[in-house]
Amino acid sequence: MTDKDGKDHLLEALHIVKIFGTLRANDDVSLFVRPGEIHALLGENGAGKSTLVKIIYGALQPTSGELRWQGEPVTIGSPAQARKLGIGMVFQHFSLFEALTVAENIALALPGAFDIAALSQRIRTISRDYGLPLEPSATVGDLSVGERQRIEIIRCLLQEPKLLIMDEPTAVLTPQEADQLFLVLERLAKEGCSILYISHRLEEVKRLCQSATILRQGKVVACVDPRKETAASLARLMVGSDIHVVHPKAKPRSGPARLVLDKLSLAQDGPFGVGLRDISLSVAGGEVVAIAGVAGNGQSEFFDAISGEKPLARNEALLIDGKPCGRLSITARRRMGAAFVPEERLGHGAVPAFRLSENVILTRYASDKDLTRSGTIGRDAAANVAERVIKSYDVRKGKPDPEARALSGGNLQKFVVGRELDRNPAVLVVNQPTWGVDAGAAATIRQALIDLARAGSAVLVISQDLDEIFEIADRIAVISRGQLSEAYPASELTREKIGLLMAGEHEMREERHAARA
Amino acid sequence: MQLVLEKRPERSRRMALLSPLLAILLTVITGAVIFALRGIEPLHGLNVYFIEPLTQIWSLEQLVVKATPLVLIGVGLAVCYTANVWNIGAEGQFTFGAILGGMILVLFPAWQSPLTLVMMLLFGILGGMIYGAIPALLKIRFNANEILTSLMLVYVVQFLLDWLVRGPWRDPQGFNFPKTITFEGLQLLPMLSGSIHLGAVFAVLAALVLAFVMGRMLKGFEVRVVGNAPRAARFAGFSRPRTILFCFLLSGGLAGLAGITEVASVVGQLQPQISPGYGFTAIIVAFLGRLNPLGALAAGLMLALSYLGGEAAQVSLGLSDRIAKVFQGILLFYILACDTLILYRFRWLKPQALAATQPAE
C-alpha cells in the first residue's frame, strides 16, 4: 500500500488538531479514505468524531493540521466549498422544512435558480435508480423519519459527490430500513463514491465497512479492518477497557401493578406533533418494561402524558399504585411516589444556569419534606442530597457545586437519573436513559435501573436503543405512530419481530379488527 | 492577532459584579466626550454632573427623594425580568396607582385621620395591581405581547389623568388650573429628615423583602426557573401563567405604591405631570442592579444622581435637561453590552493558530 505518498487516497486529513477552550477535541488525528471504500469512523460519544467530520465538511476550521483532496492540499472554508469539491453530508438531525414538499426542500439546498418540474424528474430518476422510493410532491411533515433521511441522501446524490459522510444514519431507522440503507450505500461504493460512516454500532460497521479509524478521547487509537475484528475487540479499542456487563438476570419479582395506563389518549399537538391513541399498559413492581420505537413516533408525548406535563382528559386513564391521577399535575404525581427523567437533560431535566444543589430542588421540593420549610428553601438539605447523588453515581465535576451546564453530557445524565433514584421512587419513568452517554456511565445507569426494579419499584424505560432494551427489559412494547403494541416478554422477541412492530404491524392488525367489527 | 469572543464554561461571578461598574465608567467617559463636543471642559462638566450633587446636604436629600420611586418600581421590575416577563408599562401602573389613591381625597377632601393615608396607600397599590393585571391577562389569554400592551397602556392612563384633572376632579377654587385640591396634614406622608419622606423606608423594605423572597424562598426559585428554562419549569410543576400574573401584580402594586407616595409627598396633588419618567428609568435601575433587588437599591441612587446632574447641568452649563435622558440611555446601552462578558470572554487568537485557518495559497 502506498499510504504515505497519498496518491491512492481520495481524502487525507493529516495531524488535525482542534482545540475548544482547554479541551483538545481532536489531538493529532490523521484519517485516510480511499476511493470507493466505506470507511468507518468509530468512537464513543465525545471521542471527537463529530469535530473531525465537521472539519472535513468545512463547518469548523482546525486549529492546526492539513487536509488533502485527491493528493492536493486544500482549505475547506465552508460547507459550500466542501460541496463544490464533491463532499456531501447527511446529518443525524435533518434540516428540512416540514411544511414544504420534498422537491422544494431539495431545491432550497441547490445553488442558483431552479425549475421544480425538471428537478422533480431528476429526483424520480435518482430515487428509482438507487431504490430509494420518494415522491417529490409529498409534504415533508407527512413523511416518516426514514423517508426524510432519503431526502437528505438524494439531496447529496444530486450533486454527484465523490465522498458521502453519514452521521449515525441508522440511529433513527428500524432494522429493516437500515438493511435497505446498507444496500444503497454498498451500491454507491461500487460506483466509486467513498463513504465515511460514523457510528458506534459495531455489528453494522463489521458488516458494512472495509476499514475503520477508531477514536478515543480525541486521538486515533487504531486503524483496522473491521471484518477481521470481533465486536468485542472493536469495543475494547473504542472504550479502552472491557465494558462492565450489566447483570439483569436475577429473576424479576412480579409484584402488584404499580403503574397502569388504561386506554390513554392525547390529542395531537400542532400539525407535526403525534397524537396518542388508546394506549394500555401495566407495569408491576419488580419489573423493567421498555418501550421501543423509532424516534418521532410519539415517545415524547407519551412521556409528557405519564409525567403530567400534559394532563389527560380522563382521570382513570392513568393509575399510580391503584389511584387514578390522569388529571393531576406532575407535582401531585411526584407526591404519590412517581419520578421522571426526560430525554433532554439541559433545559428540561435540569436548569443549565443553576447549581446542582438547586437542580435537586427542581424535582424534589414537593416530595421531600426537608427541602422546604414554610415557603423557604432548605439549602443545606439540598446540598446534602446533591453531595449524596454525586458520590453514589460517580458524577465527575470540576468544582464542588457546579452549574449544570458545566458538566459533560454523561455526568449530567448520571446526576439527573441519580437525583430521582435517590428518592427511591415507587414508579420511575425514564426517556432515553443513556442518550449520548459513554459506555461506562451507561452501564452504571442501566444497572441502577435494574436494581431499583428488583427492590420492588415499577420501572418504565423509553428507548430507541435496541441493545439497551434487550440488556435491561423484562418485557418490551413497541410504539409506532402514537399507538402501543402489546408488551411481550423480552425472551420471546427477536430484533426482526421488533422491526416489524416498529413499522406498524400492530396498527394494521388493530385497524383490521376495527374494520371487521 | 485577532480578538475573538469565546463562551465561558460557567457564568463569571466576578464579571457579574464588575459589569455594572464597567458600564458606569464607560458612560462617564462617553459623557466627557459629549461635554467636549459641546465646548465644555470635560472635567468641569463631569464635576458639575456627577460630583457636585453629592457635596451638599440638601442635594443628598434630593438624591434619596428621587431614588425612592425608582427603587420601589425597580425592585418589582427586577423580579419581572428575572421571570422573562417584560413589563415596560410601570409608568402607567405608577400613574393609575396615583389616580386611585388620590381619588380618596378627591371624594373626601376633608378626611383627616391616620386612616386616611393608609387608605390612600392601599388604593394606590390596588390601582397599580389592577393596571398591571391587564397586560398579564391579555398575555395569558391571548398570548398578546406584554411589551406592547403594557407600554401602550401608559399613554391611555396618562390621558385619563389629564382628563380627570382638567375636568371632573379639578379644584373648584383652583383658578381653572388643571389640578386637584392640594393634599394637607395627615393626607401627606410623614417626613423623616429634611425633604426625605416615609417612602424611602418603603423602598428599603421592598428591596430587603424581595431579596429574601428571590434568594431564599420557593416562590423566588419558581420565578427564576420560569425565566431561565421554561421547559424545566413545566417539568418542575411551575405554571408560567401563574408566574406572569404574579410578576405583573407584584411590580404593578409596587409601581402603584410609588405613584401614590410621590403625589402624597413631593407633588402634593394630582396634576397632568406627576413623574419625570420614573417608570421608564426604573427599567434601567433593574438592569443596572443586575436584576437583584439589593442591586436595584444601589442602582436607584445612581440613576437619581443622573436626574440631579441633569438639573445641575441645565443651571450651570446651560445644557438642555434632556441631557439626563441621554446619560440614562447611554448607561443602559453599556450595561447590556457589558453583560455579554458574564457569559463570554475576550481572547487574543495567536497568529500561528490563525495561520492554520487561513487559505493555503
# chains A, B, ... in the order shown; residues from 1 in each chain; ligands from 1
$ interface_residues --of "chain A" --to "chain B" --cutoff "6 Å" --atoms "only C-alpha atoms" --output "VMD selection string"
chain A and resid 61 63 to 64 75 330 to 331 347 to 349 351 362 to 363 375 to 377 406
$ select_by_dssp --residues "segment 184-356 of chain B" --states "strand (DSSP E)" --output "list in words"
Met191, Leu192, Ser193, Ile196, His197, Tyr344, Arg345, Phe346, Arg347, Trp348 and Leu349 of chain B
$ write_last_selection --atoms "all heavy atoms" --output "short mmCIF file (atom, residue, chain, number, x, y, z; two decimals), in the first residue's frame"
data_model
loop_
_atom_site.label_atom_id
_atom_site.label_comp_id
_atom_site.auth_asym_id
_atom_site.auth_seq_id
_atom_site.Cartn_x
_atom_site.Cartn_y
_atom_site.Cartn_z
N MET B 191 -42.58 63.21 57.23
CA MET B 191 -41.20 63.46 56.84
C MET B 191 -40.26 62.76 57.81
O MET B 191 -40.54 62.66 59.00
CB MET B 191 -40.91 64.96 56.86
CG MET B 191 -41.72 65.71 55.82
SD MET B 191 -41.63 64.90 54.23
CE MET B 191 -41.22 66.26 53.21
N LEU B 192 -39.12 62.28 57.30
CA LEU B 192 -38.14 61.62 58.16
C LEU B 192 -37.05 62.60 58.55
O LEU B 192 -36.74 62.79 59.71
CB LEU B 192 -37.53 60.42 57.45
CG LEU B 192 -38.51 59.32 57.06
CD1 LEU B 192 -37.78 58.21 56.32
CD2 LEU B 192 -39.22 58.76 58.29
N SER B 193 -36.46 63.23 57.54
CA SER B 193 -35.35 64.15 57.80
C SER B 193 -35.25 65.06 56.60
O SER B 193 -35.14 64.57 55.46
CB SER B 193 -34.07 63.34 57.99
OG SER B 193 -32.97 64.08 57.51
N ILE B 196 -36.65 64.17 53.03
CA ILE B 196 -36.84 62.72 52.87
C ILE B 196 -38.13 62.30 53.58
O ILE B 196 -38.35 62.64 54.73
CB ILE B 196 -35.65 61.95 53.47
CG1 ILE B 196 -34.36 62.37 52.78
CG2 ILE B 196 -35.87 60.46 53.35
CD1 ILE B 196 -33.12 61.75 53.37
N HIS B 197 -39.00 61.54 52.88
CA HIS B 197 -40.28 61.14 53.46
C HIS B 197 -40.31 59.63 53.69
O HIS B 197 -39.39 58.90 53.34
CB HIS B 197 -41.43 61.61 52.56
CG HIS B 197 -41.31 61.13 51.15
ND1 HIS B 197 -41.65 59.87 50.75
CD2 HIS B 197 -40.83 61.76 50.04
CE1 HIS B 197 -41.42 59.74 49.46
NE2 HIS B 197 -40.91 60.87 49.01
N TYR B 344 -19.36 35.41 28.26
CA TYR B 344 -18.32 35.29 27.24
C TYR B 344 -17.07 35.98 27.73
O TYR B 344 -17.11 36.78 28.65
CB TYR B 344 -18.77 35.92 25.92
CG TYR B 344 -19.92 35.21 25.27
CD1 TYR B 344 -21.22 35.48 25.67
CD2 TYR B 344 -19.72 34.28 24.27
CE1 TYR B 344 -22.30 34.82 25.08
CE2 TYR B 344 -20.78 33.62 23.68
CZ TYR B 344 -22.06 33.90 24.08
OH TYR B 344 -23.11 33.25 23.51
N ARG B 345 -15.93 35.68 27.10
CA ARG B 345 -14.73 36.44 27.40
C ARG B 345 -13.98 36.72 26.11
O ARG B 345 -14.12 35.99 25.12
CB ARG B 345 -13.83 35.67 28.37
CG ARG B 345 -13.31 34.36 27.81
CD ARG B 345 -12.34 33.70 28.76
NE ARG B 345 -12.28 32.29 28.43
CZ ARG B 345 -12.36 31.32 29.32
NH1 ARG B 345 -12.49 31.58 30.60
NH2 ARG B 345 -12.32 30.06 28.96
N PHE B 346 -13.19 37.79 26.17
CA PHE B 346 -12.35 38.12 25.02
C PHE B 346 -11.07 37.30 25.10
O PHE B 346 -10.56 37.04 26.19
CB PHE B 346 -11.98 39.61 25.04
CG PHE B 346 -13.09 40.49 24.55
CD1 PHE B 346 -13.69 41.40 25.40
CD2 PHE B 346 -13.52 40.39 23.24
CE1 PHE B 346 -14.72 42.22 24.94
CE2 PHE B 346 -14.54 41.21 22.77
CZ PHE B 346 -15.13 42.11 23.63
N ARG B 347 -10.56 36.89 23.96
CA ARG B 347 -9.28 36.20 23.96
C ARG B 347 -8.54 36.56 22.68
O ARG B 347 -9.15 36.70 21.62
CB ARG B 347 -9.48 34.69 24.02
CG ARG B 347 -8.35 33.96 24.74
CD ARG B 347 -8.79 32.54 25.07
NE ARG B 347 -9.16 31.82 23.86
CZ ARG B 347 -8.29 31.09 23.15
NH1 ARG B 347 -7.04 30.97 23.55
NH2 ARG B 347 -8.69 30.46 22.07
N TRP B 348 -7.24 36.76 22.82
CA TRP B 348 -6.44 37.01 21.63
C TRP B 348 -6.09 35.68 21.00
O TRP B 348 -5.57 34.80 21.66
CB TRP B 348 -5.15 37.75 22.01
CG TRP B 348 -5.39 39.17 22.39
CD1 TRP B 348 -5.42 39.69 23.65
CD2 TRP B 348 -5.67 40.25 21.51
NE1 TRP B 348 -5.70 41.03 23.60
CE2 TRP B 348 -5.86 41.41 22.30
CE3 TRP B 348 -5.77 40.36 20.11
CZ2 TRP B 348 -6.15 42.64 21.74
CZ3 TRP B 348 -6.06 41.59 19.57
CH2 TRP B 348 -6.24 42.72 20.38
N LEU B 349 -6.40 35.55 19.72
CA LEU B 349 -6.04 34.34 19.00
C LEU B 349 -4.63 34.55 18.47
O LEU B 349 -4.34 35.55 17.82
CB LEU B 349 -7.02 34.12 17.84
CG LEU B 349 -7.25 32.67 17.45
CD1 LEU B 349 -7.81 31.89 18.62
CD2 LEU B 349 -8.23 32.62 16.28
#
$ residues_around --residues "Ile476 of chain A" --least-positions-apart "3" --cutoff "8 Å" --atoms "only C-alpha atoms" --output "compact mmCIF listing (two decimals) with N, CA, C and O atoms, in the first residue's frame"
# COMPACT_ATOMS: atom_id res chain seq x y z
N VAL A 289 -40.05 -2.50 32.19
CA VAL A 289 -40.73 -2.60 30.90
C VAL A 289 -40.12 -1.52 30.01
O VAL A 289 -39.94 -0.38 30.43
N ALA A 290 -39.79 -1.91 28.77
CA ALA A 290 -39.19 -0.94 27.85
C ALA A 290 -40.13 -0.67 26.69
O ALA A 290 -40.85 -1.56 26.23
N ILE A 291 -40.14 0.58 26.24
CA ILE A 291 -40.91 0.98 25.07
C ILE A 291 -39.91 1.23 23.96
O ILE A 291 -39.12 2.18 24.02
N ALA A 292 -39.93 0.36 22.93
CA ALA A 292 -39.04 0.57 21.79
C ALA A 292 -39.78 1.38 20.75
O ALA A 292 -41.00 1.53 20.81
N ILE A 469 -32.33 -1.98 25.29
CA ILE A 469 -33.61 -2.59 25.67
C ILE A 469 -33.44 -4.07 25.98
O ILE A 469 -33.91 -4.56 27.01
N ALA A 473 -34.56 -4.98 29.76
CA ALA A 473 -36.02 -5.08 29.87
C ALA A 473 -36.48 -6.50 30.18
O ALA A 473 -35.93 -7.48 29.69
N ALA A 487 -47.28 -5.70 25.27
CA ALA A 487 -45.93 -5.86 25.83
C ALA A 487 -45.59 -7.36 25.86
O ALA A 487 -46.29 -8.14 26.49
N TYR A 488 -44.51 -7.73 25.14
CA TYR A 488 -44.10 -9.14 25.08
C TYR A 488 -42.94 -9.38 26.04
O TYR A 488 -42.09 -8.51 26.20
N PRO A 489 -42.86 -10.58 26.61
CA PRO A 489 -41.66 -10.90 27.40
C PRO A 489 -40.44 -10.80 26.49
O PRO A 489 -40.48 -11.22 25.33
N ALA A 490 -39.36 -10.23 27.02
CA ALA A 490 -38.18 -9.96 26.20
C ALA A 490 -37.64 -11.23 25.56
O ALA A 490 -37.16 -11.21 24.43
$ select_by_dssp --residues "segment 47-257 of chain B" --states "alpha helix (DSSP H)" --output "PyMOL selection string"
chain B and resi 57-82+90-107+114-142+146-166+199-216+218-228+230-236+240-257
$ closest_residue --among "A:Leu484, A:Ala339, A:Val478, A:Ile16" --to "Arg277 of chain A" --atoms "only C-alpha atoms"
A:Leu484
$ atom_distance --atom1 "atom CA of Gln93 of chain B" --atom2 "atom CA of Phe123 of chain B"
12.2 Å
$ closest_residue --among "A:Ile462, A:Ala443, A:Val395, A:Val239" --to "Glu343 of chain A" --atoms "only C-alpha atoms"
A:Ile462
$ atom_distance --atom1 "atom CA of Leu276 of chain A" --atom2 "atom CA of Phe302 of chain A"
7.1 Å
$ residues_around --residues "Glu344 of chain A" --least-positions-apart "6" --cutoff "10 Å" --atoms "only C-alpha atoms" --output "PyMOL selection string"
(chain A and resi 350+413+431-433+435) or (chain B and resi 231-232)
$ closest_residue --among "A:Glu44, A:Asp278, A:Glu403, A:Glu505" --to "Arg201 of chain A" --atoms "only C-alpha atoms"
A:Glu44
$ atom_distance --atom1 "atom CA of Ile330 of chain B" --atom2 "atom CA of Ala304 of chain B"
15.2 Å
$ residues_around --residues "Leu126 of chain B" --least-positions-apart "5" --cutoff "8 Å" --atoms "only C-alpha atoms" --output "list in words"
Gly97, Leu100, Gly253 and Gly256 of chain B
$ closest_atom_pairs --of "segment 369-463 of chain A" --to "segment 316-327 of chain A" --cutoff "10 Å" --atoms "only C-alpha atoms" --output "JSON lines"
{"residue": "A:Ala426", "atom": "CA", "partner": "A:Asp321", "partner_atom": "CA", "distance": 8.2}
{"residue": "A:Val427", "atom": "CA", "partner": "A:Ile320", "partner_atom": "CA", "distance": 7.7}
{"residue": "A:Ala458", "atom": "CA", "partner": "A:Asp321", "partner_atom": "CA", "distance": 9.8}
$ write_last_selection --atoms "all heavy atoms" --output "JSON list (two decimals), in the first residue's frame"
[["chain", "number", "residue", "atom", "x", "y", "z"],
["A", 426, "ALA", "N", -41.54, 4.84, 43.83],
["A", 426, "ALA", "CA", -42.38, 3.65, 43.62],
["A", 426, "ALA", "C", -42.47, 3.35, 42.13],
["A", 426, "ALA", "O", -42.53, 2.19, 41.72],
["A", 426, "ALA", "CB", -43.77, 3.90, 44.20],
["A", 427, "VAL", "N", -42.51, 4.41, 41.33],
["A", 427, "VAL", "CA", -42.61, 4.28, 39.88],
["A", 427, "VAL", "C", -41.58, 5.20, 39.26],
["A", 427, "VAL", "O", -41.50, 6.37, 39.64],
["A", 427, "VAL", "CB", -44.02, 4.68, 39.40],
["A", 427, "VAL", "CG1", -44.07, 4.74, 37.88],
["A", 427, "VAL", "CG2", -45.07, 3.74, 39.93],
["A", 458, "ALA", "N", -41.67, -0.08, 40.06],
["A", 458, "ALA", "CA", -42.01, -0.30, 38.66],
["A", 458, "ALA", "C", -41.17, 0.65, 37.84],
["A", 458, "ALA", "O", -41.14, 1.85, 38.10],
["A", 458, "ALA", "CB", -43.49, -0.02, 38.44]]
$ residues_around --residues "Ile126 of chain A" --least-positions-apart "6" --cutoff "9 Å" --atoms "only C-alpha atoms" --output "ChimeraX atom specification"
/A:132,154,157-158
$ residues_around --residues "Leu291 of chain B" --least-positions-apart "5" --cutoff "12 Å" --atoms "only C-alpha atoms" --output "mmCIF file with N, CA, C and O atoms, in the first residue's frame"
data_model
loop_
_atom_site.group_PDB
_atom_site.id
_atom_site.type_symbol
_atom_site.label_atom_id
_atom_site.label_comp_id
_atom_site.auth_asym_id
_atom_site.auth_seq_id
_atom_site.Cartn_x
_atom_site.Cartn_y
_atom_site.Cartn_z
ATOM 1 N N ALA B 16 -20.028 39.448 36.827
ATOM 2 C CA ALA B 16 -21.388 39.823 37.199
ATOM 3 C C ALA B 16 -21.346 41.050 38.109
ATOM 4 O O ALA B 16 -22.219 41.913 38.051
ATOM 5 N N LEU B 17 -20.309 41.139 38.958
ATOM 6 C CA LEU B 17 -20.174 42.308 39.827
ATOM 7 C C LEU B 17 -19.528 43.479 39.087
ATOM 8 O O LEU B 17 -19.902 44.627 39.276
ATOM 9 N N PRO B 20 -21.642 46.136 35.890
ATOM 10 C CA PRO B 20 -22.300 47.443 36.071
ATOM 11 C C PRO B 20 -21.296 48.568 36.312
ATOM 12 O O PRO B 20 -21.488 49.686 35.818
ATOM 13 N N VAL B 71 -36.442 53.073 43.131
ATOM 14 C CA VAL B 71 -36.160 51.784 43.770
ATOM 15 C C VAL B 71 -37.446 50.971 43.916
ATOM 16 O O VAL B 71 -37.474 49.779 43.609
ATOM 17 N N GLY B 74 -38.189 49.761 40.545
ATOM 18 C CA GLY B 74 -37.083 48.956 40.009
ATOM 19 C C GLY B 74 -37.012 47.562 40.609
ATOM 20 O O GLY B 74 -36.764 46.587 39.887
ATOM 21 N N VAL B 75 -37.257 47.420 41.914
ATOM 22 C CA VAL B 75 -37.164 46.080 42.510
ATOM 23 C C VAL B 75 -38.260 45.173 41.959
ATOM 24 O O VAL B 75 -38.030 43.984 41.722
ATOM 25 N N GLY B 76 -39.450 45.742 41.743
ATOM 26 C CA GLY B 76 -40.536 44.934 41.176
ATOM 27 C C GLY B 76 -40.199 44.500 39.755
ATOM 28 O O GLY B 76 -40.397 43.344 39.377
ATOM 29 N N LEU B 77 -39.657 45.442 38.960
ATOM 30 C CA LEU B 77 -39.298 45.108 37.581
ATOM 31 C C LEU B 77 -38.185 44.069 37.555
ATOM 32 O O LEU B 77 -38.149 43.194 36.682
ATOM 33 N N ALA B 78 -37.279 44.136 38.535
ATOM 34 C CA ALA B 78 -36.184 43.157 38.579
ATOM 35 C C ALA B 78 -36.752 41.740 38.684
ATOM 36 O O ALA B 78 -36.284 40.818 38.013
ATOM 37 N N VAL B 79 -37.789 41.573 39.509
ATOM 38 C CA VAL B 79 -38.415 40.252 39.645
ATOM 39 C C VAL B 79 -39.070 39.843 38.324
ATOM 40 O O VAL B 79 -38.916 38.724 37.843
ATOM 41 N N CYS B 80 -39.802 40.802 37.721
ATOM 42 C CA CYS B 80 -40.446 40.558 36.430
ATOM 43 C C CYS B 80 -39.455 40.050 35.394
ATOM 44 O O CYS B 80 -39.668 39.040 34.736
ATOM 45 N N TYR B 81 -38.368 40.805 35.222
ATOM 46 C CA TYR B 81 -37.421 40.483 34.157
ATOM 47 C C TYR B 81 -36.702 39.176 34.447
ATOM 48 O O TYR B 81 -36.312 38.455 33.531
ATOM 49 N N THR B 82 -36.523 38.862 35.728
ATOM 50 C CA THR B 82 -35.925 37.568 36.072
ATOM 51 C C THR B 82 -36.805 36.438 35.542
ATOM 52 O O THR B 82 -36.314 35.402 35.112
ATOM 53 N N ALA B 83 -38.134 36.648 35.580
ATOM 54 C CA ALA B 83 -39.062 35.619 35.115
ATOM 55 C C ALA B 83 -39.257 35.676 33.610
ATOM 56 O O ALA B 83 -40.083 34.959 33.075
ATOM 57 N N ASN B 84 -38.486 36.551 32.911
ATOM 58 C CA ASN B 84 -38.665 36.716 31.481
ATOM 59 C C ASN B 84 -40.047 37.278 31.159
ATOM 60 O O ASN B 84 -40.647 36.931 30.141
ATOM 61 N N ALA B 207 -36.959 46.328 48.938
ATOM 62 C CA ALA B 207 -35.732 45.705 48.424
ATOM 63 C C ALA B 207 -35.320 44.530 49.313
ATOM 64 O O ALA B 207 -34.970 43.453 48.821
ATOM 65 N N LEU B 210 -37.885 41.544 48.963
ATOM 66 C CA LEU B 210 -37.774 40.840 47.681
ATOM 67 C C LEU B 210 -36.445 40.109 47.555
ATOM 68 O O LEU B 210 -36.372 39.040 46.941
ATOM 69 N N ALA B 211 -35.379 40.665 48.153
ATOM 70 C CA ALA B 211 -34.095 39.964 48.124
ATOM 71 C C ALA B 211 -34.239 38.623 48.835
ATOM 72 O O ALA B 211 -33.734 37.592 48.375
ATOM 73 N N MET B 214 -36.501 36.231 46.640
ATOM 74 C CA MET B 214 -35.825 35.704 45.454
ATOM 75 C C MET B 214 -34.684 34.760 45.814
ATOM 76 O O MET B 214 -34.405 33.807 45.094
ATOM 77 N N GLY B 215 -34.017 35.030 46.922
ATOM 78 C CA GLY B 215 -32.833 34.235 47.259
ATOM 79 C C GLY B 215 -33.153 32.995 48.069
ATOM 80 O O GLY B 215 -32.491 31.965 47.929
ATOM 81 N N ARG B 224 -37.356 32.266 39.139
ATOM 82 C CA ARG B 224 -36.077 32.138 38.435
ATOM 83 C C ARG B 224 -36.107 30.987 37.431
ATOM 84 O O ARG B 224 -35.582 31.091 36.330
ATOM 85 N N GLY B 227 -38.159 31.890 34.325
ATOM 86 C CA GLY B 227 -37.452 32.807 33.449
ATOM 87 C C GLY B 227 -36.279 32.168 32.744
ATOM 88 O O GLY B 227 -35.961 32.497 31.614
ATOM 89 N N ALA B 282 -36.816 53.319 35.761
ATOM 90 C CA ALA B 282 -36.684 52.171 36.653
ATOM 91 C C ALA B 282 -36.300 50.906 35.887
ATOM 92 O O ALA B 282 -35.749 49.959 36.465
ATOM 93 N N ILE B 283 -36.564 50.866 34.578
ATOM 94 C CA ILE B 283 -36.128 49.718 33.768
ATOM 95 C C ILE B 283 -34.599 49.637 33.815
ATOM 96 O O ILE B 283 -34.008 48.572 33.980
ATOM 97 N N ILE B 284 -33.976 50.825 33.701
ATOM 98 C CA ILE B 284 -32.515 50.869 33.758
ATOM 99 C C ILE B 284 -32.045 50.495 35.163
ATOM 100 O O ILE B 284 -31.040 49.812 35.337
ATOM 101 N N VAL B 285 -32.808 50.943 36.181
ATOM 102 C CA VAL B 285 -32.459 50.601 37.564
ATOM 103 C C VAL B 285 -32.412 49.078 37.720
ATOM 104 O O VAL B 285 -31.469 48.510 38.269
ATOM 105 N N ALA B 286 -33.427 48.398 37.190
ATOM 106 C CA ALA B 286 -33.488 46.940 37.321
ATOM 107 C C ALA B 286 -32.278 46.285 36.665
ATOM 108 O O ALA B 286 -31.665 45.390 37.228
ATOM 109 N N ALA B 296 -30.682 46.785 42.870
ATOM 110 C CA ALA B 296 -31.569 47.854 42.409
ATOM 111 C C ALA B 296 -31.566 49.019 43.395
ATOM 112 O O ALA B 296 -31.750 50.174 43.010
ATOM 113 N N LEU B 297 -31.354 48.706 44.668
ATOM 114 C CA LEU B 297 -31.284 49.760 45.686
ATOM 115 C C LEU B 297 -30.127 50.713 45.368
ATOM 116 O O LEU B 297 -30.291 51.932 45.342
ATOM 117 N N ALA B 298 -28.951 50.147 45.089
ATOM 118 C CA ALA B 298 -27.785 50.967 44.739
ATOM 119 C C ALA B 298 -28.005 51.651 43.388
ATOM 120 O O ALA B 298 -27.695 52.841 43.221
ATOM 121 N N ALA B 299 -28.551 50.909 42.427
ATOM 122 C CA ALA B 299 -28.750 51.466 41.085
ATOM 123 C C ALA B 299 -29.739 52.622 41.119
ATOM 124 O O ALA B 299 -29.613 53.586 40.363
ATOM 125 N N ILE B 335 -24.673 48.836 29.844
ATOM 126 C CA ILE B 335 -24.963 47.710 30.745
ATOM 127 C C ILE B 335 -25.229 46.458 29.932
ATOM 128 O O ILE B 335 -24.672 45.386 30.183
ATOM 129 N N ASP B 339 -22.873 43.111 29.888
ATOM 130 C CA ASP B 339 -23.398 41.849 30.401
ATOM 131 C C ASP B 339 -22.969 40.651 29.548
ATOM 132 O O ASP B 339 -22.938 39.525 30.011
#
